[in-house]
Structures are given as structure tokens and as C-alpha cells.
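Engineer: Got a structure for you, structure-v2.txt, holding compact mmCIF, C-alpha atoms.
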# COMPACT_ATOMS: atom_id res chain seq x y z
CA MET A 1 -34.21 31.28 -25.16
CA ASN A 2 -34.84 35.00 -24.51
CA HIS A 3 -32.08 37.41 -23.51
CA GLN A 4 -33.02 37.42 -19.81
CA GLN A 5 -32.95 33.61 -19.69
CA THR A 6 -29.63 33.61 -21.54
CA LEU A 7 -28.07 35.93 -18.95
CA LYS A 8 -29.40 33.74 -16.13
CA GLU A 9 -27.88 30.62 -17.73
CA LEU A 10 -24.59 32.43 -18.33
CA HIS A 11 -24.46 33.47 -14.67
CA GLN A 12 -24.92 29.85 -13.59
CA PHE A 13 -22.17 28.67 -15.93
CA ALA A 14 -19.84 31.47 -14.85
CA GLN A 15 -20.43 30.58 -11.21
CA ALA A 16 -19.81 26.87 -11.92
CA GLU A 17 -16.49 27.62 -13.66
CA ARG A 18 -15.31 29.93 -10.89
CA THR A 19 -16.41 27.51 -8.17
CA GLU A 20 -14.56 24.62 -9.80
CA TYR A 21 -11.46 26.77 -10.20
CA HIS A 22 -11.38 27.30 -6.42
CA ILE A 23 -12.01 23.59 -5.74
CA TYR A 24 -9.19 22.45 -8.04
CA HIS A 25 -6.88 25.17 -6.72
CA TYR A 26 -7.55 24.17 -3.11
CA LEU A 27 -7.07 20.46 -3.84
CA ALA A 28 -3.84 21.16 -5.73
CA ARG A 29 -2.41 23.02 -2.72
CA ARG A 30 -3.18 20.07 -0.44
CA GLU A 31 -2.02 17.35 -2.84
CA LYS A 32 1.32 15.74 -1.98
CA ASP A 33 1.79 13.74 -5.17
CA PRO A 34 3.60 16.01 -7.73
CA HIS A 35 1.88 14.40 -10.73
CA ASN A 36 -1.61 14.80 -9.25
CA ARG A 37 -0.80 18.35 -8.16
CA ARG A 38 0.22 19.36 -11.69
CA THR A 39 -2.97 17.80 -13.11
CA LEU A 40 -5.14 19.67 -10.59
CA GLU A 41 -3.34 22.92 -11.31
CA GLN A 42 -3.95 22.43 -15.03
CA LEU A 43 -7.65 21.78 -14.40
CA ALA A 44 -7.82 24.92 -12.24
CA GLU A 45 -6.19 26.97 -15.01
CA GLU A 46 -8.73 25.67 -17.53
CA GLU A 47 -11.67 26.63 -15.31
CA ALA A 48 -10.17 30.10 -14.79
CA THR A 49 -9.74 30.51 -18.56
CA HIS A 50 -13.37 29.48 -19.17
CA TYR A 51 -14.61 31.98 -16.58
CA LYS A 52 -12.57 34.79 -18.10
CA LEU A 53 -13.91 33.92 -21.55
CA ILE A 54 -17.52 34.07 -20.35
CA LEU A 55 -16.81 37.39 -18.62
CA LYS A 56 -15.10 38.83 -21.70
CA GLU A 57 -17.72 37.70 -24.21
CA SER A 58 -20.88 38.38 -22.21
CA GLY A 59 -19.87 40.70 -19.38
CA VAL A 60 -21.48 38.29 -16.91
CA SER A 61 -19.57 37.80 -13.64
CA ALA A 62 -20.28 35.56 -10.64
CA GLU A 63 -19.04 34.80 -7.16
CA PRO A 64 -17.99 31.20 -6.39
CA ASN A 65 -20.45 28.94 -4.57
CA LYS A 66 -18.81 28.53 -1.14
CA THR A 67 -21.15 25.72 -0.12
CA LYS A 68 -20.11 23.61 -3.13
CA ILE A 69 -16.45 24.37 -2.45
CA PHE A 70 -16.84 23.09 1.11
CA ILE A 71 -18.81 19.98 0.08
CA TYR A 72 -16.49 18.82 -2.70
CA THR A 73 -13.26 19.51 -0.83
CA LEU A 74 -14.69 17.55 2.13
CA LEU A 75 -15.71 14.68 -0.18
CA ALA A 76 -12.20 14.64 -1.63
CA ARG A 77 -10.72 14.25 1.85
CA VAL A 78 -13.16 11.57 3.00
CA LEU A 79 -13.98 9.58 -0.15
CA GLY A 80 -11.02 10.35 -2.37
CA LEU A 81 -9.90 12.82 -4.98
CA THR A 82 -11.15 10.90 -8.03
CA PHE A 83 -14.63 10.31 -6.62
CA ALA A 84 -15.15 13.96 -5.64
CA ILE A 85 -13.90 15.32 -8.98
CA LYS A 86 -15.88 12.88 -11.11
CA LEU A 87 -19.03 13.51 -9.11
CA MET A 88 -18.55 17.24 -9.61
CA GLU A 89 -17.86 16.91 -13.32
CA ASN A 90 -20.83 14.56 -13.81
CA GLY A 91 -23.04 17.26 -12.35
CA GLU A 92 -21.68 19.71 -14.90
CA HIS A 93 -22.43 17.55 -17.99
CA GLY A 94 -25.85 19.12 -18.55
CA ALA A 95 -24.38 22.59 -18.27
CA VAL A 96 -21.65 21.81 -20.79
CA LYS A 97 -24.22 20.65 -23.33
CA ASN A 98 -26.19 23.87 -22.87
CA TYR A 99 -23.24 26.00 -23.97
CA SER A 100 -24.14 25.09 -27.55
CA GLN A 101 -27.40 27.06 -27.22
CA PHE A 102 -25.59 30.39 -27.04
CA THR A 103 -25.59 31.18 -30.75
CA GLU A 104 -25.09 34.90 -30.02
CA TYR A 105 -21.82 34.09 -28.19
CA PRO A 106 -19.83 31.85 -30.61
CA ALA A 107 -16.73 31.68 -28.39
CA ILE A 108 -18.78 30.47 -25.40
CA ARG A 109 -20.69 28.03 -27.59
CA ASP A 110 -17.41 26.48 -28.75
CA LEU A 111 -16.52 25.56 -25.15
CA ALA A 112 -18.97 22.65 -25.44
CA ARG A 113 -16.88 21.10 -28.18
CA ASP A 114 -13.64 20.74 -26.27
CA GLU A 115 -14.18 21.21 -22.53
CA ASP A 116 -15.69 17.90 -21.46
CA ALA A 117 -13.37 15.61 -23.45
CA HIS A 118 -10.26 17.49 -22.39
CA GLU A 119 -11.18 17.58 -18.72
CA GLN A 120 -12.02 13.87 -18.69
CA LYS A 121 -8.59 13.13 -20.18
CA LEU A 122 -6.91 15.17 -17.46
CA ILE A 123 -8.98 13.55 -14.69
CA ALA A 124 -8.01 10.12 -16.03
CA LEU A 125 -4.35 11.03 -15.42
CA ILE A 126 -4.88 11.34 -11.66
CA ASN A 127 -3.30 8.47 -9.74
CA GLU A 128 -4.91 7.60 -6.43
CA GLU A 129 -3.95 4.79 -4.10
CA ARG A 130 -7.45 3.97 -2.93
CA LEU A 131 -8.55 3.37 -6.54
CA ALA A 132 -5.58 1.08 -7.12
CA TYR A 133 -6.86 -1.03 -4.23
CA MET A 134 -10.51 -0.79 -5.29
CA GLY A 135 -10.43 -4.44 -6.34
CA SER A 136 -9.47 -5.43 -2.79
CA VAL A 137 -12.32 -3.36 -1.33
CA VAL A 138 -14.75 -4.87 -3.86
CA LEU A 139 -13.61 -8.35 -2.81
CA GLY A 140 -14.18 -7.65 0.89
CA LEU A 141 -17.51 -5.87 0.51
CA SER A 142 -19.10 -8.10 -2.09
CA ASP A 143 -18.04 -11.33 -0.44
CA ALA A 144 -19.26 -10.16 2.98
CA LEU A 145 -22.57 -8.92 1.57
CA VAL A 146 -23.29 -12.09 -0.36
CA GLU A 147 -22.03 -14.48 2.33
CA PHE A 148 -23.47 -12.73 5.37
CA THR A 149 -26.92 -11.80 4.13
CA GLY A 150 -27.17 -15.52 3.40
CA ALA A 151 -25.59 -16.74 6.62
CA LEU A 152 -27.62 -14.45 8.89
CA ALA A 153 -30.83 -15.31 7.06
CA GLY A 154 -30.05 -18.99 7.61
CA PHE A 155 -29.19 -18.42 11.29
CA THR A 156 -32.46 -16.51 11.75
CA PHE A 157 -34.65 -19.52 11.13
CA ALA A 158 -32.27 -22.09 12.55
CA LEU A 159 -31.45 -20.33 15.85
CA ARG A 160 -34.43 -17.97 16.49
CA ASP A 161 -32.44 -15.96 19.08
CA THR A 162 -31.10 -12.51 18.17
CA LYS A 163 -28.21 -12.51 20.68
CA LEU A 164 -27.13 -15.99 19.63
CA ILE A 165 -27.35 -15.00 15.95
CA ALA A 166 -25.30 -11.84 16.63
CA LEU A 167 -22.64 -13.80 18.51
CA THR A 168 -22.47 -16.56 15.90
CA GLY A 169 -22.41 -14.01 13.07
CA ALA A 170 -19.67 -11.92 14.70
CA ILE A 171 -17.40 -14.92 15.32
CA THR A 172 -17.99 -16.28 11.83
CA GLY A 173 -17.50 -12.82 10.31
CA ILE A 174 -14.18 -12.11 12.01
CA ALA A 175 -12.86 -15.52 11.03
CA ALA A 176 -14.04 -15.01 7.44
CA ALA A 177 -12.46 -11.51 7.34
CA LEU A 178 -9.09 -12.87 8.44
CA SER A 179 -9.39 -15.67 5.88
CA MET A 180 -10.26 -13.25 3.05
CA ALA A 181 -7.45 -10.86 4.03
CA SER A 182 -4.95 -13.75 4.04
CA SER A 183 -6.16 -14.92 0.62
CA GLU A 184 -5.88 -11.39 -0.81
CA TYR A 185 -2.35 -11.08 0.64
CA LEU A 186 -1.22 -14.30 -1.06
CA SER A 187 -3.05 -13.41 -4.29
CA SER A 188 -1.49 -9.92 -4.50
CA LYS A 189 1.93 -11.31 -3.72
CA SER A 190 1.78 -13.90 -6.50
CA GLU A 191 0.05 -11.84 -9.22
CA ASP A 192 2.47 -8.87 -9.19
CA GLU A 193 -0.18 -6.24 -10.01
CA GLY A 194 1.81 -3.39 -8.48
CA LYS A 195 -0.19 -3.54 -5.24
CA HIS A 196 1.47 -3.88 -1.85
CA PRO A 197 0.25 -7.29 -0.55
CA LEU A 198 -0.13 -6.11 3.06
CA LYS A 199 -2.14 -3.03 2.03
CA ALA A 200 -4.33 -5.10 -0.27
CA ALA A 201 -5.01 -7.52 2.59
CA LEU A 202 -5.80 -4.62 4.93
CA TYR A 203 -8.28 -3.03 2.48
CA THR A 204 -10.03 -6.38 2.01
CA GLY A 205 -10.14 -7.21 5.73
CA VAL A 206 -11.37 -3.78 6.83
CA ALA A 207 -14.10 -3.74 4.15
CA TYR A 208 -15.20 -7.21 5.24
CA VAL A 209 -15.27 -6.38 8.96
CA PHE A 210 -17.15 -3.11 8.35
CA THR A 211 -19.81 -4.95 6.35
CA VAL A 212 -20.14 -7.72 8.93
CA ALA A 213 -20.52 -5.15 11.74
CA ALA A 214 -23.29 -3.34 9.83
CA LEU A 215 -25.17 -6.59 9.15
CA VAL A 216 -24.79 -8.11 12.61
CA SER A 217 -25.74 -4.91 14.52
CA PRO A 218 -29.55 -5.29 14.11
CA PHE A 219 -29.41 -8.69 15.80
CA ALA A 220 -27.32 -7.29 18.67
CA LEU A 221 -29.68 -4.34 19.21
CA LEU A 222 -33.14 -5.80 18.56
CA SER A 223 -35.03 -8.58 20.35
CA ASN A 224 -37.47 -9.64 17.62
CA VAL A 225 -35.59 -11.97 15.29
CA PHE A 226 -37.68 -11.26 12.19
CA VAL A 227 -37.60 -7.48 12.71
CA ALA A 228 -33.81 -7.77 13.05
CA LEU A 229 -33.70 -9.78 9.81
CA GLY A 230 -35.72 -7.09 8.02
CA VAL A 231 -33.45 -4.31 9.30
CA MET A 232 -30.38 -6.35 8.32
CA LEU A 233 -31.69 -6.79 4.77
CA ALA A 234 -32.45 -3.04 4.56
CA ALA A 235 -28.91 -2.28 5.80
CA ALA A 236 -27.51 -4.65 3.17
CA LEU A 237 -29.51 -2.87 0.46
CA LEU A 238 -28.24 0.54 1.62
CA LEU A 239 -24.64 -0.72 1.67
CA ILE A 240 -25.03 -2.15 -1.83
CA ALA A 241 -26.53 1.15 -3.07
CA ALA A 242 -23.83 3.30 -1.43
CA PHE A 243 -20.95 1.17 -2.66
CA SER A 244 -22.42 0.77 -6.15
CA PHE A 245 -22.80 4.54 -6.42
CA TYR A 246 -19.23 5.16 -5.25
CA TYR A 247 -17.83 2.54 -7.58
CA ALA A 248 -19.91 3.72 -10.55
CA VAL A 249 -18.78 7.34 -10.14
CA ALA A 250 -15.12 6.57 -9.44
CA ARG A 251 -14.82 4.01 -12.24
CA GLY A 252 -17.24 5.60 -14.70
CA GLU A 253 -19.49 2.51 -14.75
CA ASN A 254 -23.27 2.05 -14.85
CA PHE A 255 -24.74 2.39 -11.35
CA ARG A 256 -28.01 0.57 -12.09
CA ARG A 257 -26.31 -2.49 -13.56
CA ARG A 258 -23.84 -2.88 -10.68
CA PHE A 259 -26.50 -2.26 -8.02
CA THR A 260 -28.93 -4.75 -9.58
CA GLU A 261 -26.25 -7.40 -9.92
CA MET A 262 -25.05 -7.12 -6.29
CA ALA A 263 -28.58 -6.87 -4.88
CA CYS A 264 -29.80 -9.94 -6.79
CA LEU A 265 -26.79 -11.99 -5.68
CA SER A 266 -27.04 -10.98 -2.01
CA PHE A 267 -30.79 -11.35 -1.68
CA GLY A 268 -30.86 -14.50 -3.79
CA VAL A 269 -28.32 -16.16 -1.50
CA ALA A 270 -30.23 -14.86 1.55
CA GLY A 271 -33.45 -16.45 0.29
CA VAL A 272 -31.80 -19.81 -0.41
CA SER A 273 -30.04 -19.76 2.99
CA PHE A 274 -33.27 -18.92 4.83
CA PHE A 275 -34.92 -21.91 3.14
CA ILE A 276 -31.97 -24.18 3.98
CA GLY A 277 -32.16 -23.05 7.63
CA TYR A 278 -35.86 -23.87 7.72
CA LEU A 279 -35.28 -27.22 6.00
CA LEU A 280 -32.45 -28.30 8.33
CA LYS A 281 -34.39 -27.28 11.41
CA THR A 282 -37.43 -29.24 10.21
CA LEU A 283 -35.46 -32.35 9.22
CA THR A 284 -33.20 -32.51 12.26
CA GLY A 285 -35.76 -31.36 14.82
CA ILE A 286 -32.98 -29.50 16.67
CA GLU A 287 -34.22 -26.56 18.76
CA ALA A 288 -31.78 -23.74 19.64
Transcribe the structure of this file into C-alpha cells.
Structural biologist:
Amino acid sequence: MNHQQTLKELHQFAQAERTEYHIYHYLARREKDPHNRRTLEQLAEEEATHYKLILKESGVSAEPNKTKIFIYTLLARVLGLTFAIKLMENGEHGAVKNYSQFTEYPAIRDLARDEDAHEQKLIALINEERLAYMGSVVLGLSDALVEFTGALAGFTFALRDTKLIALTGAITGIAAALSMASSEYLSSKSEDEGKHPLKAALYTGVAYVFTVAALVSPFALLSNVFVALGVMLAAALLLIAAFSFYYAVARGENFRRRFTEMACLSFGVAGVSFFIGYLLKTLTGIEA
């Protein structure tokens, strides 16, 4: 790359390092857990060191990106520390690789060798309660998605009335949520995984109820049963995509594989249930 392009790239990297310093520093000040606070402070120190190195070697300075600081600190509050940090670091991977192109700045080029691995090790040390209970959330969401896309699809052909489907779905969903929460409580209590049984049950139940509410809403709001079914399936797909993305980032897993697996299960069950509803209605001759 030419010198002008090199300076442009260096400015972007300098800004990224300074921005991430402010994000880590802000999160460290707000963090109550002493272990997590120390880890965040160490990450902030590393970013500050990287920025100073770029400034010293190239003379390139940069102001932090205030928009990114706001976005990532907000994400940390709403969706959790680990998710926000990993999402931010994933966005920096391409930049880290590009450090190796700066052959005229050996010290900056060498950052590529150590930065990513070291930061990932530090991030892995962060302990966060919501990740410890991720299994409980997965249980509630996945079970509700698979069970209720199927159940509502079956109700659609069997009942043919959106209000009746919404009512039936809501009652069934609440009962199923309580059942799943109870099962998770007993499971956590017997398995001794370090999770508080009541919290595990709460995470499972809330995830289940949230999913049921999202899937039942189209039938409560729309009058055409097949339009409501289509909207419900679209909502299910969006929920699967959103959760798969969150889980993939937070756990460092493959988004496409998890999304495909959950989508195939949910829509496969929905298709079978729709057919069963049609079959039962035809065989029994019962009209809702």
C-alpha cells in the first residue's frame, strides 16, 4: 500500500485502540465484580499501550469514536458484558490481521502476533452470571420455539379462528412454561452444576413465556388465520436468528450451524403439526 493509504489505515487502527480503551475503562468503573473489574482494567491498559505505540512509531493520533463507545457500553448493559466485548473484538479481527502489512513499522506489525490471542485469553476470564445460566435460557427458548411453532401450526388448521388459537396457545404456553421452569428447578437442584435452582428456573420460564408471547401475538392481533400463521413463522425465524447470533457471539460458536439447526427443527415440527391438524380435522369431521 502507498504511504497515504498506510497513514489512513494507521489512523483507523489508532482510533479503534483508543475507542476500546475508553469502552473497557468505562465498563471497569461500572463493574461490581472485583475479578471482572481487574480483567477489564487490564484490557484497557493493553489498548492504551497499543495506542501509544502507534503514536510513538508513526506519529499518527486519533480521537475516540464516541458513537461506538455509546453503542458498546449500552450493549454491555442490555445484553451482557461478554456479548458486547466479543462482538467488539470480532469486529476488530480484520484490523488486527492488517497490522502485519506495515513492514515500515516493525513494532506495529508485531502487534498482530500477540494482541488477538492475549485479549481472547483475558476475555475468557470474565465471569458473567447470565452466561452461566445460558443453558437454562437455551432450554426455554428452543423448547418454546420448537413446540409452539408446531402447536400453533396445528391449531391453525384444526381451529381456523385466530382468537381461539391465541387463547388456546396462551393457556397452553403458560402451562408449558411453568412445567419447564419446574423441571429446570429440579434438574439444577439434583445436578449440582453451581447454578442456583430458583434462578435457573426463572431464566427458563421467562425465556419460554417471552417466546410464547411473540408467537401468539399475531393470532391475537390479526383476523386472517393464514396471514397470522405466516407472521408467526416469520417471528419465529427472527427469534431464532437473533438468539443464534447472540449465542454464537457469546459462546464463540458458528452462527450458521446453530441457526440452521434450530430453524430446521422448528419449521419441520410446524410442518408435521400442520399436517396432523389437517388430518385430524378431516378424519374426525369436527368443526371449531
Engineer: Mind checking which residues fall within 7 Å of range 7-15 of chain A, counting all atoms listed in the file, ignoring those fewer than 3 positions away in the same chain, and posting them as a PyMOL selection string?
Structural biologist: chain A and resi 3-4+18-19+51+54+60-65+95
Engineer: With a distance cut-off of 10 Å and only C-alpha atoms, select the neighbouring residues of range 213-219 of chain A, excluding the residue or stretch itself and same-chain residues fewer than 3 positions from it, and output the selection as a PyMOL selection string.
Structural biologist: chain A and resi 144-145+148-149+152+156+161-170+173-174+208-210+222-236+239
Engineer: Which residue gives the smallest distance to Ala107 in chain A among A:Leu53, A:Leu283, A:Leu141, A:Leu178, with only C-alpha atoms counted?
Structural biologist: A:Leu53
Engineer: List every protein, DNA or RNA residue that has an atom no more than 8 Å from (-22.1, -4.4, -1.2) in the file's coordinate frame, counting all atoms listed in the file, and report them as a PDB file with C-alpha atoms, keeping the file's coordinate frame.
Structural biologist:
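Done, and the output landed in out-v6.pdb:
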ATOM      1  CA  VAL A 138     -14.750  -4.870  -3.860  1.00  0.00           C
ATOM      2  CA  LEU A 141     -17.510  -5.870   0.510  1.00  0.00           C
ATOM      3  CA  SER A 142     -19.100  -8.100  -2.090  1.00  0.00           C
ATOM      4  CA  ALA A 144     -19.260 -10.160   2.980  1.00  0.00           C
ATOM      5  CA  LEU A 145     -22.570  -8.920   1.570  1.00  0.00           C
ATOM      6  CA  VAL A 146     -23.290 -12.090  -0.360  1.00  0.00           C
ATOM      7  CA  THR A 211     -19.810  -4.950   6.350  1.00  0.00           C
ATOM      8  CA  ALA A 236     -27.510  -4.650   3.170  1.00  0.00           C
ATOM      9  CA  LEU A 237     -29.510  -2.870   0.460  1.00  0.00           C
ATOM     10  CA  LEU A 239     -24.640  -0.720   1.670  1.00  0.00           C
ATOM     11  CA  ILE A 240     -25.030  -2.150  -1.830  1.00  0.00           C
ATOM     12  CA  ALA A 241     -26.530   1.150  -3.070  1.00  0.00           C
ATOM     13  CA  ALA A 242     -23.830   3.300  -1.430  1.00  0.00           C
ATOM     14  CA  PHE A 243     -20.950   1.170  -2.660  1.00  0.00           C
ATOM     15  CA  SER A 244     -22.420   0.770  -6.150  1.00  0.00           C
ATOM     16  CA  MET A 262     -25.050  -7.120  -6.290  1.00  0.00           C
ATOM     17  CA  ALA A 263     -28.580  -6.870  -4.880  1.00  0.00           C
TER      18      ALA A 263
END
Engineer: Residues at most 9 Å from Arg256 in chain A, counting only C-alpha atoms, excluding those fewer than 4 positions away in the same chain, as a tab-separated table (two decimals) with C-alpha atoms, in the frame of the given file?
Structural biologist:
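Saved as part-v2.tsv:
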chain	number	residue	atom	x	y	z
A	244	SER	CA	-22.42	0.77	-6.15
A	245	PHE	CA	-22.80	4.54	-6.42
A	248	ALA	CA	-19.91	3.72	-10.55
A	260	THR	CA	-28.93	-4.75	-9.58
A	261	GLU	CA	-26.25	-7.40	-9.92
Engineer: Set the distance at 12 Å and use only C-alpha atoms: which residues neighbour Glu31 in chain A once local chain neighbours fewer than 3 positions away are removed? I'd like the list as number ranges by chain.
Structural biologist: A: 24-28, 34-41, 73, 76-77, 80-81, 126-128
Engineer: Can you tell me how far CA of Met88 in chain A sits from CA of Glu253 in chain A, in Å to one decimal?
Structural biologist: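 Computed distance, CA of Met88 in chain A to CA of Glu253 in chain A, equals 15.6 Å.
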Engineer: Separation of CA of Arg257 in chain A and CA of Ser136 in chain A, in Å?
Structural biologist: 20.2 Å
Engineer: Between A:Met134, A:Leu139, A:Val212, A:Ala207, which is the closest to Ala151 in chain A once you count all atoms listed in the file?
Structural biologist: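 Counting all atoms listed in the file, the residue closest to Ala151 in chain A is A:Val212.
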Engineer: What's the separation between CA of Gly150 in chain A and CA of Ala201 in chain A, in Å to one decimal place?
Structural biologist: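 Computing it gives 23.6 Å between the two atoms.
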Engineer: Identify which of the residues A:Tyr133, A:Arg258, A:Ser179, A:Thr6 lies closest to His196 in chain A, counting only C-alpha atoms when measuring atom-to-atom distances.
Structural biologist: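 Closest to His196 in chain A, using only C-alpha atoms: A:Tyr133.
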Engineer: Counting only C-alpha atoms, figure out which residue out of A:Leu186, A:Leu280, A:Met180, A:Ala48 gets nearest to Val137 in chain A.
Structural biologist: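 So, comparing all the options, the nearest one is A:Met180.
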Engineer: With only C-alpha atoms as the basis for distance, which of A:Gly271, A:Gly140, A:Gly252, A:Gly154 is at the shortest distance from Ala181 in chain A?
Structural biologist: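 Ranked by minimum distance to Ala181 in chain A, first place goes to A:Gly140.
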Engineer: Hey, could you patch up range 162-172 of chain A with all heavy atoms and hand it over as a PDB file, keeping the file's coordinate frame?
Structural biologist:
ATOM      1  N   THR A 162     -31.889 -13.602  18.754  1.00  0.00           N
ATOM      2  CA  THR A 162     -31.100 -12.510  18.170  1.00  0.00           C
ATOM      3  C   THR A 162     -29.685 -12.430  18.742  1.00  0.00           C
ATOM      4  O   THR A 162     -28.728 -12.192  18.005  1.00  0.00           O
ATOM      5  CB  THR A 162     -31.805 -11.145  18.392  1.00  0.00           C
ATOM      6  OG1 THR A 162     -32.096 -10.974  19.786  1.00  0.00           O
ATOM      7  CG2 THR A 162     -33.090 -11.059  17.591  1.00  0.00           C
ATOM      8  N   LYS A 163     -29.541 -12.612  20.063  1.00  0.00           N
ATOM      9  CA  LYS A 163     -28.210 -12.510  20.680  1.00  0.00           C
ATOM     10  C   LYS A 163     -27.306 -13.652  20.213  1.00  0.00           C
ATOM     11  O   LYS A 163     -26.118 -13.455  19.943  1.00  0.00           O
ATOM     12  CB  LYS A 163     -28.322 -12.550  22.209  1.00  0.00           C
ATOM     13  CG  LYS A 163     -29.184 -11.459  22.800  1.00  0.00           C
ATOM     14  CD  LYS A 163     -28.721 -10.076  22.381  1.00  0.00           C
ATOM     15  CE  LYS A 163     -29.624  -9.004  22.996  1.00  0.00           C
ATOM     16  NZ  LYS A 163     -29.889  -7.893  22.135  1.00  0.00           N
ATOM     17  N   LEU A 164     -27.888 -14.828  20.096  1.00  0.00           N
ATOM     18  CA  LEU A 164     -27.130 -15.990  19.630  1.00  0.00           C
ATOM     19  C   LEU A 164     -26.733 -15.803  18.160  1.00  0.00           C
ATOM     20  O   LEU A 164     -25.597 -16.125  17.765  1.00  0.00           O
ATOM     21  CB  LEU A 164     -27.958 -17.254  19.804  1.00  0.00           C
ATOM     22  CG  LEU A 164     -27.263 -18.588  19.514  1.00  0.00           C
ATOM     23  CD1 LEU A 164     -26.015 -18.755  20.369  1.00  0.00           C
ATOM     24  CD2 LEU A 164     -28.225 -19.753  19.739  1.00  0.00           C
ATOM     25  N   ILE A 165     -27.651 -15.266  17.368  1.00  0.00           N
ATOM     26  CA  ILE A 165     -27.350 -15.000  15.950  1.00  0.00           C
ATOM     27  C   ILE A 165     -26.241 -13.961  15.828  1.00  0.00           C
ATOM     28  O   ILE A 165     -25.319 -14.115  15.026  1.00  0.00           O
ATOM     29  CB  ILE A 165     -28.622 -14.514  15.216  1.00  0.00           C
ATOM     30  CG1 ILE A 165     -29.659 -15.625  15.142  1.00  0.00           C
ATOM     31  CG2 ILE A 165     -28.279 -14.035  13.801  1.00  0.00           C
ATOM     32  CD1 ILE A 165     -31.036 -15.160  14.704  1.00  0.00           C
ATOM     33  N   ALA A 166     -26.318 -12.893  16.655  1.00  0.00           N
ATOM     34  CA  ALA A 166     -25.300 -11.840  16.630  1.00  0.00           C
ATOM     35  C   ALA A 166     -23.933 -12.398  17.010  1.00  0.00           C
ATOM     36  O   ALA A 166     -22.920 -12.093  16.355  1.00  0.00           O
ATOM     37  CB  ALA A 166     -25.687 -10.706  17.575  1.00  0.00           C
ATOM     38  N   LEU A 167     -23.899 -13.213  18.049  1.00  0.00           N
ATOM     39  CA  LEU A 167     -22.640 -13.800  18.510  1.00  0.00           C
ATOM     40  C   LEU A 167     -22.062 -14.740  17.449  1.00  0.00           C
ATOM     41  O   LEU A 167     -20.870 -14.669  17.103  1.00  0.00           O
ATOM     42  CB  LEU A 167     -22.856 -14.561  19.827  1.00  0.00           C
ATOM     43  CG  LEU A 167     -21.618 -15.249  20.426  1.00  0.00           C
ATOM     44  CD1 LEU A 167     -20.557 -14.225  20.783  1.00  0.00           C
ATOM     45  CD2 LEU A 167     -22.018 -16.060  21.658  1.00  0.00           C
ATOM     46  N   THR A 168     -22.913 -15.618  16.936  1.00  0.00           N
ATOM     47  CA  THR A 168     -22.470 -16.560  15.900  1.00  0.00           C
ATOM     48  C   THR A 168     -21.992 -15.820  14.652  1.00  0.00           C
ATOM     49  O   THR A 168     -20.957 -16.155  14.071  1.00  0.00           O
ATOM     50  CB  THR A 168     -23.631 -17.512  15.516  1.00  0.00           C
ATOM     51  OG1 THR A 168     -24.141 -18.137  16.691  1.00  0.00           O
ATOM     52  CG2 THR A 168     -23.165 -18.573  14.537  1.00  0.00           C
ATOM     53  N   GLY A 169     -22.767 -14.791  14.251  1.00  0.00           N
ATOM     54  CA  GLY A 169     -22.410 -14.010  13.070  1.00  0.00           C
ATOM     55  C   GLY A 169     -21.104 -13.268  13.246  1.00  0.00           C
ATOM     56  O   GLY A 169     -20.279 -13.209  12.331  1.00  0.00           O
ATOM     57  N   ALA A 170     -20.890 -12.687  14.434  1.00  0.00           N
ATOM     58  CA  ALA A 170     -19.670 -11.920  14.700  1.00  0.00           C
ATOM     59  C   ALA A 170     -18.433 -12.828  14.655  1.00  0.00           C
ATOM     60  O   ALA A 170     -17.411 -12.483  14.046  1.00  0.00           O
ATOM     61  CB  ALA A 170     -19.768 -11.230  16.052  1.00  0.00           C
ATOM     62  N   ILE A 171     -18.539 -13.986  15.313  1.00  0.00           N
ATOM     63  CA  ILE A 171     -17.400 -14.920  15.320  1.00  0.00           C
ATOM     64  C   ILE A 171     -17.097 -15.415  13.907  1.00  0.00           C
ATOM     65  O   ILE A 171     -15.940 -15.422  13.470  1.00  0.00           O
ATOM     66  CB  ILE A 171     -17.695 -16.123  16.255  1.00  0.00           C
ATOM     67  CG1 ILE A 171     -17.794 -15.652  17.713  1.00  0.00           C
ATOM     68  CG2 ILE A 171     -16.619 -17.192  16.108  1.00  0.00           C
ATOM     69  CD1 ILE A 171     -18.318 -16.690  18.668  1.00  0.00           C
ATOM     70  N   THR A 172     -18.152 -15.808  13.207  1.00  0.00           N
ATOM     71  CA  THR A 172     -17.990 -16.280  11.830  1.00  0.00           C
ATOM     72  C   THR A 172     -17.432 -15.179  10.938  1.00  0.00           C
ATOM     73  O   THR A 172     -16.558 -15.418  10.094  1.00  0.00           O
ATOM     74  CB  THR A 172     -19.337 -16.768  11.261  1.00  0.00           C
ATOM     75  OG1 THR A 172     -19.923 -17.702  12.161  1.00  0.00           O
ATOM     76  CG2 THR A 172     -19.162 -17.426   9.906  1.00  0.00           C
TER      77      THR A 172
END
